[in-house]
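A.B. asks: What follows is a single structure, and I will ask about it in a moment.
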Amino acid sequence: MLLNEMLLLGAVLFCIGVYGVLARRNGVLVLMSIELILNAVNINLIAFGAFHDTVVGQIFALFVITVAAAEVGIGLAIVLLLYRNRRSIDLDQVDLMKG
Amino acid sequence: MTGATAVSGLLAAEVPYWASSIIKLGVVALVVPTAALILGYVFLMKMMSFMQSRLGPMEAGPYGTLQLLADGLKFLQKEDIFPDKADRTVFALAPLVVLISTFLIYVVIPAGPDAVVAQLDVGVFYALAVSSLSVVGILMAGWASANKYALMGGLRAAGQLIAYELPLVLAVMGVVIQAGTLDLQKIVSAQATGEIFGWGGIGNPFILTQFAGFFIFLVAVQAELTQPPFDMPVAESEIVGGYQVEYTGFRFLFFFMGEFGTAFAFGALASVLFLGGWALPWGDLGHWGFNIAGPVIMLVKVLAVSALIFWFRFTYPRLREDQLQRLAWKFLIPLSLVNIVVTGVFKVVL
Amino acid sequence: MGLVASGKAPKPLTKLLNLSRKYSIWMYQWGLACCAIEMGAVIGSPRYDVMRLGVIPFPASPRQADLVVISGTVTDKMVPSILRLYEQMPDPKYVISMGSCANCGGPYWDSYSVTKGIDQIIPVDVYVPGCPPRPEALLEGIVLLQERIGNEDPAVRWKGGPIVVD
Amino acid sequence: MALVPGLIKGLKVTARTMLRTLFGDGPPVLPAPSKHAHTVQYPHVKEIPADRARGVIALHEENCTACMLCARECPDWCIYIEGHKYLAPPRREGGKPRQKNALDRFDIDYSLCMYCGICVEVCPFEALFWSPEYEYSEPRIADLLHDKERLGEWMETVPDFEPYEAGSQQKVLKVPR
Amino acid sequence: MSEFLRDYLLVALFLMLAGALVFGMLGLGSLLRPSRPQPQKYITYESGVDPVGLGWSQSNIRYYVFALLFVMFDVEAVFIFPWATRLEAYGTFGLVEMAIFIFILALGLVYAWRKGVLRWI
Amino acid sequence: MIAEHVAFGIIAAVMVASALRVVTTRDIVHAALYLVIVLAGVAALFLLVGAEFTGITQVLIYIGAVIVLFLFGIMLTRSDFDQDAETDHKRKFPAVLTALLLLAVMIGALVDRFEDIELDPTPQTTAQVSDELFSQYIVPFEAVSVLLLAALIGAIVIARREEGG
Amino acid sequence: MSSTETGADAEAGAQPDRRREDWADKMADALGEGCLEHHIIPGSDLWVRVTRDSWTGAATAARDRLGCAFFDWLSAIDWLPSPYGRDMDAQEDNPEPRAAGATEQGYAGGETRFQMVMRLYSVTDHLGITIKADLPDGDLSIDTLIPIFAGANWHEREAWEMFGIRFNGHPDLRNIYLPGEFEGNPLRKDFPLLARRVKPWPGIVDVELFPGEEDS
Amino acid sequence: MTASGTDQRQQLAYVAAQAADARLNVEIETEGMTLNIGPQHPATHGTLRLVARLDGEQVVEAEPIMGYMHRGYEKLAEVRTYPQITTLINRIDWLGSFANEVPFILAAEKLMEVEAPPRAQWIRTALFELSRIANITLFLGDMAVQLGAVTPVFMAFRDREFVLNQIEAATGGRFHPNFDRIGGLKDDLPRGWIEDTKQAMEKMRNFCDEFEELVLGNEIFQARCRGIGIVPPEVGLAYGLSGANVRASGVDWDLRRDGQEALAYDQIDWRVWTHPDGDSFARYWVRLQETREATHMVDQLLDGLPPGPIMAKVPRIIKVPGGEAYAATENPLGEMGYYIVSKGDLVPFRVKIRSASFSNMSITPWLLKGVYVPDIITILASLYFILGDIDR
Ligand code: SF4
Ligand code: SF4
Ligand code: SF4
């Protein structure tokens with residue numbers, strides 16, 4: 001692979017993720033879009049790791065995966081909580097988020 | 001390492017990569033259904049029947065040996081039903097995911113020095129990772145059927161599979177620490193050449209030093225396979241078959257194949273990890289003869305492990321959902337954590 | 001699509017298919033009344049052990065069943081359920097009517113709440129007489145069914161009628 | 001959960017059953033085919049039911065006088081009898097010709113019969129008997145209506161009445177052949 | 001192509017093999033099987049009656065809590081694997097490191113236990 | 001090398017298509033399943049550049065665990081099998097614009113900068129990863145455990161609150 | 001009544017049944033006017049007939065004063081002679097259906113067509129009591145027993161379905177057995193069994209006189 | 001039958017089914033999740049339907065819907081003669097068939113004031129206990145299978161065959177003997193029967209031992225049953241629970257010992273088993289003990305069988321004098337009784353059938369409140385009902 005191919009792919013995924021975060025109003029879908037973003041980051045990390053021929057890229061990717069798992073856990077807990085209280089996970093209807 | 005020479009050792013000739021790949025594909029494509037057939041026939045049909053003082057299938061073929069073939073052919077002729085409300089694509093793909101999970105496990109299981117599809121550096125880790133894929137398939141099936149029993153069964157199954165995935169993973173850790181590798185081939189040779197406190201007469205099958213690990217592994221496998229006493233996801237007296245409830249014909253059979261194929265795979269994994277795999281502690285491990293003897297040795301060990309699994313299955317009633325989770329979280333996981341630490345201490349101290 | 005349904009399947013193939021259906025009959029485990037217990041004996045009692053014949057009583061859902069044994073009294077309240085059960089089974093499917101109740105209403109032929117015969121609702125392939133039929137009698141019915149399956153013409157069966165033997 | 005003892009005992013029970021099924025009480029020799037299971041392999045081996053078993057009703061036509069008693073007492077109304085009267089030649093020389101009944105039709109509808117045995121019991125002329133036969137499933141329900149020829153054929157399968165247990169004061173009857 | 005990738009190519013091939021099996025079998029079946037639509041055949045199976053009360057209860061949060069616990073420990077396990085392969089090299093130091101790691105996560109388990117989320121009921 | 005490029009092309013195409021479906025499909029379960037494809041693709045990419053351990057981890061954690069979490073979340077928050085709630089904002093134009101702008105910027109920044117650098121797919125073994133992790137990155141490693149603990153406790157607290165209420 | 005019986009019952013068989021009389025007295029005592037009649041078969045059984053209004057009172061009294069904690073069953077009797085002749089085997093209808101007044105009731109008397117019957121039992125004394133109450137012909141309703149014996153719920157639903165008797169205060173008076181669209185109350189005497197009337201009785205074609213009465 | 005005819009009828013039935021379901025669904029439509037268990041459900045021994053409203057896996061409310069097996073016995077009894085009824089009521093509790101006949105015959109004998117000769121009484125009692133064994137054996141296996149253990153039910157069926165063989169050898173019917181007559185029995189025992197029966201009893205005792213190891217002693221089984229579905233004695237009695245169900249709650253009451261019906265129970269040596277806990281496990285335990293006790297009772301009954309006739313003098317055509325009588329016996333499922341109102345005809349005027357399961361099941365809505373879905377099965381199985389006995 002060419003390095004820039006990898007990076008490009010990462011960039012595309014990243015932007016798709018960003019679009020998802022902005023366009024979606026379902027809590028779970030927003031979280032999924034965030035996952036996309038994090039994966040895009042991971043691709044970059046791994047690509048650079050391979051580029052520099054070091055395993056540090058992998059290690060960072062591992063950390064990112066860990067953080068992502070934690071993030072999803074908490075995020076979904078919040079979504080569930082919202083759902084419990086409002087019977088909906090539509091973020092538009094969550095005044096709380098709007099301040 | 002030498003995936004390409006897997007078969008060449010057997011034939012004592014160099015086999016091109018593509019040819020060996022095709023042979024391997026063919027072998028595994030045969031092995032999985034055959035494994036399901038063997039387990040289904042020997043245990044589900046015959047052993048169960050004997051335990052209940054009856055005979056099991058007798059008419060289809062001598063001693064009913066062709067029973068499951070007849071079943072397969074019969075299921076081919078069954079109408080294919082998609083319930084109205086079902087999510088058709090997901091409904092159709094769910095068995096595929098389960099089956100993929102089963103097939104992928106077989107990639108790393110070694111049956112001889114060269115009789116392995118792909119010898120991966122991260123063998124065990126890979127096997128555990130792909131075996132966890134089936135959860136997705138089961139959840140898909142449960143969801144797509146748009147049926148209460150199915151959804152309930154799917155959720156129960158997923159809850160159970162993930163709860164027991166952990167003990168499974170953690171139980172293996174003891175073996176990994178002892179062998180110092182994730183590669184299944186190396187684990188096999190570590191057992192064949194190992195020593196127990198300086199005595200190497202029978203090598204070191206890890207079942208002896210890792211008995212706690214073996215026990216946890218076995219319990220977890222039982223649960224992963226949703227066999228009694230952990231069969232709530234498919235409990236027929238409660239939720240009539242759980243996530244499989246809407247599946248007909250061959251789609252149903254895929255689940256069946258997945259279940260028994262995975263049982264065989266886990267049996268193989270258990271015998272590789274704990275019982276010494278294809279090797280015998282005596283003799284030259286690299287000898288090509290093991291490529292022929294290995295599968296036989298493996299088969300015996302796998303059947304022994306499966307016999308144990310199915311023996312439990314036919315004897316015990318099922319637990320309740322909460323008892324199952326309690327067993328996992330309050331007993332197996334702490335136990336396996338302790339096992340890791342203890343094994344680590346021994347490893348470092350000795 | 002539908003090699004067999006169109007009747008174009010070669011003879012040996014149909015033979016093979018018939019054989020497989022003959023020796024693999026998954027039986028929906030569902031009983032209605034007293035006869036159900038004799039059916040239970042056929043399934044569950046090692047003395048009879050219907051699994052020998054390839055009749056496998058695993059499916060808990062009609063979706064995987066080939067055969068349903070209507071074993072017992074059919075009440076008017078039950079009829080819709082039985083009909084649905086039958087329709088939810090995938091073709092090809094077989095029905096055995098077991099016992100006088102399912103055949104004709106039996107001892108309750110004059111009752112206000114009992115359906116006089118299951119064949120008024122669904123097509124029946126084999127009638128087993130008795131009240132209750134001995135387990136062997138049901139076995140005989142199953143053997144008879146198997147014989148007929150072995151000789152039937154799938155093309156006709158695929159259209160859903162009762163067994164036709166050529 | 002107090003683990004172990006009960007669980008292990010359970011395993012023992014199933015294992016014991018399996019061994020017994022395979023090998024009986026003898027030594028474990030392979031191959032160990034089907035001898036020790038409780039199974040009677042039906043289409044090949046047939047158990048003979050108890051003599052009293054109520055399998056099918058046989059008609060001894062000579063004894064039946066078409067008196068209709070069985071048809072009347074049958075709770076399911078599943079016996080259909082038709083007959084006609086005729087004058088039989090006198091028993092003794094010079095006597096009057098006797099009026100007798102001829103049996104035209106004697107059908108039992110086994111799809112309806114509840115196998116209660118009332119007809120056999122009430123028959124005053126010992127024309128009906130239970131036979132333990134059970135193999136008469138039919139693919140067509142109409143074939144379950146057995147006419148008097150078919151019922152007569154069943155007579156061959158009727159076993160003799162058994163003797164009674166000690167202390168009984170019942171008389172053992174005879175089956176007319 | 002490197003040996004390494006060839007191994008994984010095999011993995012990919014197996015993936016396809018499973019797919020081929022599934023579709024092949026279903027394709028073969030479509031030649032043989034009947035198709036006879038009937039009005040009730042496609043209704044969801046629910047013990048022989050019309051499905052009632054469509055609402056699936058959403059309250060079963062316990063599944064989620066267990067799934068969450070699982071994710072956390074799964075991540076932990078991922079870190080233990082490389083450590084386990086190289087424990088010999090790290091010696092006591094590695095042992096202590098991991099002991100701390102496991103201990104901290106075990107705290108989580110204990111917390112969950114004490115909070116009663118491990119109780120199903 | 002050709003084979004790898006082809007593989008990369010296929011994987012990338014599938015990934016991008018699936019990712020697009022993730023953010024556009026109306027059925028949440030489908031979105032999650034498309035996400036599975038994307039994640040599997042990522043894992044495949046990792047393997048392609050020799051990051052074996054991370055690749056498998058990706059499968060184990062993401063597909064085996066995180067997706068399950070997602071599916072649970074979905075199934076516990078959807079009240080009906082065939083309910084089709086609105087999942088997107090009414091006006092998506094700003095989102096599209098933002099995303100495209102971002103993409104343009106990144107492409108501009110990346111494409112020229114790293115032109116024609118061939119990646120070396122030498123496998124990096126687990127042992128290497130381990131050695132690096134347990135020497136250089138020992139502090140982050142321990143921090144991870146604390147992070148996980150915190151996340152665990154946080155999630156439990158949230159879930160508990162909801163249960164009480 | 002039978003020689004194999006034991007203890008008090010066997011003795012009581014010969015002479016007046018003290019224990020049952022005692023029970024009858026207690027019931028009369030507790031209900032006063034509400035207790036109409038009683039009937040005792042020594043050593044066998046006790047019937048008490050109460051007014052409709054004392055129905056629940058009788059149950060309470062039996063439970064509290066007699067110790068009958070066990071709710072055995074509850075049902076009703078339709079005393080109307082069947083309008084279908086001797087029994088439903090008869091092929092023609094009874095030419096003159098007798099008037100309701102002409103019905104004869106069983107033990108402990110009764111005046112009307114429908115009579116409630118309930119049986120309670122004492123698991124300590126091992127004695128049972130059958131309590132009856134008449135329902136006026138125009139108003140088939142009676143108070144529910146659920147507050148006293150929770151088990152009466154289904155029995156009352158059954159009686160409602162089979163006889164059409166309404167139970168005041170019953171929370172859930174629906175059909176228990178029959179499908180919702182079923183019409184009629186099957187256990188009423190005037191409910192016909194159609195199958196029996198449609199199918200010809202096979203015993204009707206008489207070809208010979210009864211055995212033993214043979215004419216020469 | 002032509003295919004088109006079938007189709008038409010199917011269409012009609014289909015429309016009827018739609019209508020019936022729609023109506024029922026309106027009746028029970030609730031918020032939250034409603035789970036239908038049955039009528040086609042392996043857990044319900046046939047055709048009970050349970051509609052449970054759930055909150056998660058917890059039951060908020062559960063209601064059995066019966067009538068899928070309602071066959072109208074009480075009405076049919078009004079148009080059948082006494083011998084015809086005897087054979088019909090075999091089919092109420094189809095597992096303990098001979099036991100169904102006894103209380104009816106006893107009630108009729110009460111009205112006719114005849115009494116069966118001692119030999120008949122003893123054989124009656126022995127057959128009664130045999131049906132009890134045949135009946136409860138199946139319960140023992142069935143409850144295990146409901147809890148997910150497949151093997152016990154096969155063993156139950158296996159050993160039950162020995163008992164059924166004996167019942168058949170004596171009466172001619174495996175299930176529906178129709179052997180009891182007003183004033184005695186239909187026939188005497190065939191030669192060799194006593195010997196065979198004793199052997200069968202030996203096997204049954206083995207069976208009980210096996211089950212104590214395989215099921216009762218199993219920790220998983222205990223974990224599933226202990227503390228589940230506790231019935232307090234007062235509540236149980238108020239709901240009309242009888243038989244082993246209340247004996248498992250500590251009520252020491254057994255109609256065989258305490259009833260007034262003329263059977264041979266007072267002449268043999270046996271005991272009544274009770275258990276203080278009142279939970280599902282206790283019910284299982286009590287039934288297992290009763291089975292074993294019954295085998296001992298049969299042995300004694302056969303040893304002491306008095307010689308003599310088996311039939312009292314009764315007219316050939318039975319007309320029962322007018323009057324009312326109630327007779328109840330301790331059937332395998334609990335108290336079963338018949339209340340016969342006679343007007344001196346060939347047919348009874350009214351027969352009220354008090355069947356045990358009907359009352360036993362009436363406690364389920366109370367008992368199932370707040371339990372978890374898997375426990376529904378445990379509780380239903382442990383209460384032990386037979387559909388025919390509920391719906392009649
Ligand atoms: S045919 Fe006889 S045994 Fe069968 S269900 Fe009907 S009554 Fe019961
Ligand atoms: S056995 Fe009974 S039902 Fe059958 S024909 Fe005789 S009397 Fe009628
Ligand atoms: S069989 Fe017997 S009862 Fe029936 S008509 Fe003939 S003689 Fe009379």
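By convention in this document, the chains of the structure tokens carry letters A, B, ... by their order, each chain's residues are numbered from 1, and ligands are numbered from 1 in the order they are shown.
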So that I can see what lies close to B:Ala304, please list as a CSV table (one decimal) with N, CA and C atoms, in the first residue's frame the residues with an atom at most 12 Å from it, counting only C-alpha atoms and leaving out residues fewer than 2 positions away in the same chain.
C.D. replies:
chain,number,residue,atom,x,y,z
B,39,LEU,N,-20.4,-35.5,15.4
B,39,LEU,CA,-20.8,-35.2,16.7
B,39,LEU,C,-22.3,-35.4,16.9
B,42,VAL,N,-22.9,-39.3,16.8
B,42,VAL,CA,-22.3,-40.1,17.9
B,42,VAL,C,-22.9,-39.7,19.2
B,43,PHE,N,-23.0,-38.4,19.4
B,43,PHE,CA,-23.4,-37.9,20.7
B,43,PHE,C,-24.9,-37.6,20.8
B,264,PHE,N,-17.2,-29.0,17.9
B,264,PHE,CA,-16.0,-29.8,17.5
B,264,PHE,C,-14.8,-28.9,17.6
B,267,GLY,N,-13.8,-28.3,21.0
B,267,GLY,CA,-13.2,-29.6,21.5
B,267,GLY,C,-11.7,-29.7,21.1
B,268,ALA,N,-11.5,-29.3,19.8
B,268,ALA,CA,-10.2,-29.4,19.2
B,268,ALA,C,-9.3,-28.4,20.0
B,270,ALA,N,-9.6,-27.2,22.9
B,270,ALA,CA,-9.4,-27.7,24.3
B,270,ALA,C,-8.3,-28.8,24.2
B,271,SER,N,-8.3,-29.6,23.3
B,271,SER,CA,-7.3,-30.7,23.3
B,271,SER,C,-6.0,-30.1,22.9
B,275,LEU,N,-4.6,-30.8,26.3
B,275,LEU,CA,-4.4,-32.2,26.2
B,275,LEU,C,-3.2,-32.6,25.4
B,297,ILE,N,-5.0,-38.8,16.4
B,297,ILE,CA,-4.8,-38.5,17.8
B,297,ILE,C,-5.8,-37.4,18.2
B,298,MET,N,-5.8,-36.4,17.4
B,298,MET,CA,-6.7,-35.3,17.7
B,298,MET,C,-8.1,-35.7,17.8
B,299,LEU,N,-8.5,-36.5,16.8
B,299,LEU,CA,-9.9,-37.0,16.8
B,299,LEU,C,-10.3,-37.7,18.1
B,300,VAL,N,-9.4,-38.5,18.5
B,300,VAL,CA,-9.7,-39.2,19.8
B,300,VAL,C,-9.9,-38.2,20.9
B,301,LYS,N,-8.9,-37.3,21.0
B,301,LYS,CA,-9.0,-36.3,22.1
B,301,LYS,C,-10.3,-35.5,22.0
B,302,VAL,N,-10.5,-35.0,20.8
B,302,VAL,CA,-11.7,-34.2,20.6
B,302,VAL,C,-13.0,-34.9,21.0
B,306,SER,N,-15.6,-33.8,23.7
B,306,SER,CA,-17.0,-33.7,23.4
B,306,SER,C,-17.9,-34.6,24.2
B,307,ALA,N,-17.4,-35.8,24.4
B,307,ALA,CA,-18.2,-36.7,25.2
B,307,ALA,C,-18.5,-36.1,26.5
B,308,LEU,N,-17.5,-35.5,27.1
B,308,LEU,CA,-17.7,-34.8,28.4
B,308,LEU,C,-18.7,-33.8,28.3
B,309,ILE,N,-18.6,-32.9,27.2
B,309,ILE,CA,-19.5,-31.8,27.0
B,309,ILE,C,-21.0,-32.4,26.9
B,310,PHE,N,-21.1,-33.4,26.1
B,310,PHE,CA,-22.5,-33.9,25.9
B,310,PHE,C,-23.0,-34.8,27.1
B,311,TRP,N,-22.1,-35.3,27.8
B,311,TRP,CA,-22.5,-36.0,29.0
B,311,TRP,C,-23.1,-35.1,30.0
A.B. asks: Compute the set of protein, DNA and RNA residues whose minimum atom distance to ligand 3 is at most 6 Å, using only C-alpha atoms and all ligand atoms, and state it as a list of chain:residue names.
C.D. replies: D:Cys64, D:Thr65, D:Ala66, D:Cys67, D:Met68, D:Leu69, D:Cys70, D:Cys123, D:Pro124, D:Phe125, D:Ala127, D:Leu128
A.B. asks: Grab the residues selected above and save them as a PDB file, in the first residue's frame with N, CA, C and O atoms.
C.D. replies:
ATOM      1  N   CYS D  64     -74.349 -64.094  16.543  1.00  0.00           N
ATOM      2  CA  CYS D  64     -75.091 -62.833  16.608  1.00  0.00           C
ATOM      3  C   CYS D  64     -76.510 -63.015  16.113  1.00  0.00           C
ATOM      4  O   CYS D  64     -76.754 -63.582  15.057  1.00  0.00           O
ATOM      5  N   THR D  65     -77.418 -62.524  16.913  1.00  0.00           N
ATOM      6  CA  THR D  65     -78.823 -62.641  16.530  1.00  0.00           C
ATOM      7  C   THR D  65     -79.394 -61.305  16.088  1.00  0.00           C
ATOM      8  O   THR D  65     -80.599 -61.144  16.008  1.00  0.00           O
ATOM      9  N   ALA D  66     -78.509 -60.355  15.872  1.00  0.00           N
ATOM     10  CA  ALA D  66     -78.946 -59.020  15.478  1.00  0.00           C
ATOM     11  C   ALA D  66     -79.924 -58.443  16.488  1.00  0.00           C
ATOM     12  O   ALA D  66     -80.928 -57.843  16.123  1.00  0.00           O
ATOM     13  N   CYS D  67     -79.620 -58.651  17.763  1.00  0.00           N
ATOM     14  CA  CYS D  67     -80.552 -58.202  18.781  1.00  0.00           C
ATOM     15  C   CYS D  67     -80.429 -56.720  19.061  1.00  0.00           C
ATOM     16  O   CYS D  67     -81.224 -56.156  19.805  1.00  0.00           O
ATOM     17  N   MET D  68     -79.415 -56.079  18.519  1.00  0.00           N
ATOM     18  CA  MET D  68     -79.257 -54.621  18.618  1.00  0.00           C
ATOM     19  C   MET D  68     -78.813 -54.138  19.986  1.00  0.00           C
ATOM     20  O   MET D  68     -78.687 -52.939  20.201  1.00  0.00           O
ATOM     21  N   LEU D  69     -78.612 -55.056  20.900  1.00  0.00           N
ATOM     22  CA  LEU D  69     -78.291 -54.592  22.246  1.00  0.00           C
ATOM     23  C   LEU D  69     -76.983 -53.801  22.255  1.00  0.00           C
ATOM     24  O   LEU D  69     -76.895 -52.739  22.874  1.00  0.00           O
ATOM     25  N   CYS D  70     -76.003 -54.329  21.546  1.00  0.00           N
ATOM     26  CA  CYS D  70     -74.723 -53.642  21.546  1.00  0.00           C
ATOM     27  C   CYS D  70     -74.854 -52.260  20.922  1.00  0.00           C
ATOM     28  O   CYS D  70     -74.316 -51.283  21.440  1.00  0.00           O
ATOM     29  N   CYS D 123     -73.307 -57.971  25.130  1.00  0.00           N
ATOM     30  CA  CYS D 123     -73.821 -58.931  24.169  1.00  0.00           C
ATOM     31  C   CYS D 123     -74.243 -60.212  24.883  1.00  0.00           C
ATOM     32  O   CYS D 123     -73.425 -60.877  25.510  1.00  0.00           O
ATOM     33  N   PRO D 124     -75.514 -60.561  24.800  1.00  0.00           N
ATOM     34  CA  PRO D 124     -75.992 -61.712  25.569  1.00  0.00           C
ATOM     35  C   PRO D 124     -75.672 -63.038  24.890  1.00  0.00           C
ATOM     36  O   PRO D 124     -75.831 -64.081  25.495  1.00  0.00           O
ATOM     37  N   PHE D 125     -75.225 -62.982  23.659  1.00  0.00           N
ATOM     38  CA  PHE D 125     -75.033 -64.241  22.931  1.00  0.00           C
ATOM     39  C   PHE D 125     -73.577 -64.545  22.646  1.00  0.00           C
ATOM     40  O   PHE D 125     -73.264 -65.410  21.847  1.00  0.00           O
ATOM     41  N   ALA D 127     -71.194 -62.940  21.012  1.00  0.00           N
ATOM     42  CA  ALA D 127     -70.852 -62.813  19.607  1.00  0.00           C
ATOM     43  C   ALA D 127     -69.688 -61.857  19.399  1.00  0.00           C
ATOM     44  O   ALA D 127     -69.098 -61.838  18.329  1.00  0.00           O
ATOM     45  N   LEU D 128     -69.373 -61.065  20.403  1.00  0.00           N
ATOM     46  CA  LEU D 128     -68.298 -60.085  20.237  1.00  0.00           C
ATOM     47  C   LEU D 128     -67.146 -60.420  21.186  1.00  0.00           C
ATOM     48  O   LEU D 128     -67.373 -60.832  22.330  1.00  0.00           O
TER      49      LEU D 128
END
A.B. asks: I'd like the neighbourhood of stretch 132-138 of chain C as JSON, numbers by chain, where a residue qualifies if any of its atoms comes within 7 Å (using only C-alpha atoms), though same-chain residues fewer than 5 positions away should be ignored.
C.D. replies: {"C": [34, 35, 38, 39, 41, 42, 99], "D": [134, 135]}
A.B. asks: Please, could you write that set of residues out with C-alpha atoms as a PDB file, in the first residue's frame?
C.D. replies:
ATOM      1  CA  CYS C  34     -54.798 -38.474  26.502  1.00  0.00           C
ATOM      2  CA  CYS C  35     -53.488 -39.619  23.158  1.00  0.00           C
ATOM      3  CA  GLU C  38     -49.244 -42.340  24.217  1.00  0.00           C
ATOM      4  CA  MET C  39     -47.507 -40.216  21.654  1.00  0.00           C
ATOM      5  CA  ALA C  41     -44.572 -42.846  25.114  1.00  0.00           C
ATOM      6  CA  VAL C  42     -43.709 -43.339  21.488  1.00  0.00           C
ATOM      7  CA  GLY C  99     -57.086 -41.510  18.121  1.00  0.00           C
TER       8      GLY C  99
ATOM      9  CA  TYR D 134     -53.816 -53.051  16.765  1.00  0.00           C
ATOM     10  CA  GLU D 135     -52.388 -52.710  13.294  1.00  0.00           C
TER      11      GLU D 135
END
A.B. asks: Please give me, as JSON, numbers by chain, the residues lying within 9 Å of ligand 2 when counting only C-alpha atoms and all ligand atoms.
C.D. replies: {"C": [106, 107], "D": [54, 56, 57, 70, 71, 72, 73, 74, 75, 76, 77, 78, 79, 108, 109, 110, 112, 113, 114, 115, 116, 117, 118, 119, 120, 121, 122], "H": [84, 87]}
A.B. asks: Rounded to one decimal in Å, what is the spacing between atom CA of G:Ala28 and atom CA of H:Gly323?
C.D. replies: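 Taking atom CA of G:Ala28 and atom CA of H:Gly323, their separation equals 23.2 Å.
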A.B. asks: Neighbours of C:Leu139 within 12 Å (only C-alpha atoms; same-chain residues fewer than 4 positions away dropped), as a PyMOL selection string?
C.D. replies: (chain C and resi 38-43+47-55+69+96+98+126-129+133-135+143-146) or (chain D and resi 40-44+46+134-137)
A.B. asks: Name the residues in contact with C:Asp91 at a cut-off of 8 Å, using only C-alpha atoms, excluding same-chain residues fewer than 5 positions from it; report them as JSON, numbers by chain.
C.D. replies: {"B": [78, 79], "C": [66, 158, 160], "E": [34, 35, 36]}
A.B. asks: If you measure from atom CA of B:Leu166 to atom CA of E:Phe73, what distance in Å do you get, rounded to one decimal?
C.D. replies: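 That distance, rounded to one decimal, is 7.2 Å.
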A.B. asks: Hey, what's within 6 Å of stretch 110-121 of chain C if we count only C-alpha atoms and toss same-chain stuff fewer than 3 positions away? As a PyMOL selection string, please?
C.D. replies: (chain C and resi 74-76+102-105+124) or (chain G and resi 195-196) or (chain H and resi 10+71)
A.B. asks: Env of G:Ile146: 9 Å cut, atoms = only C-alpha atoms, seq-sep filter 3 positions within chain, self excluded. Answer as a list in words.
C.D. replies: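 Near neighbours after the sequence-gap exclusion: Phe149, Ala150, Gly151, Ala152, Asn153, Glu156, Gly169 and His170 of chain G.
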A.B. asks: Figure out the distance between atom CA of D:Glu133 and atom CA of D:Asp104, please, to one decimal in Å.
C.D. replies: 25.2 Å
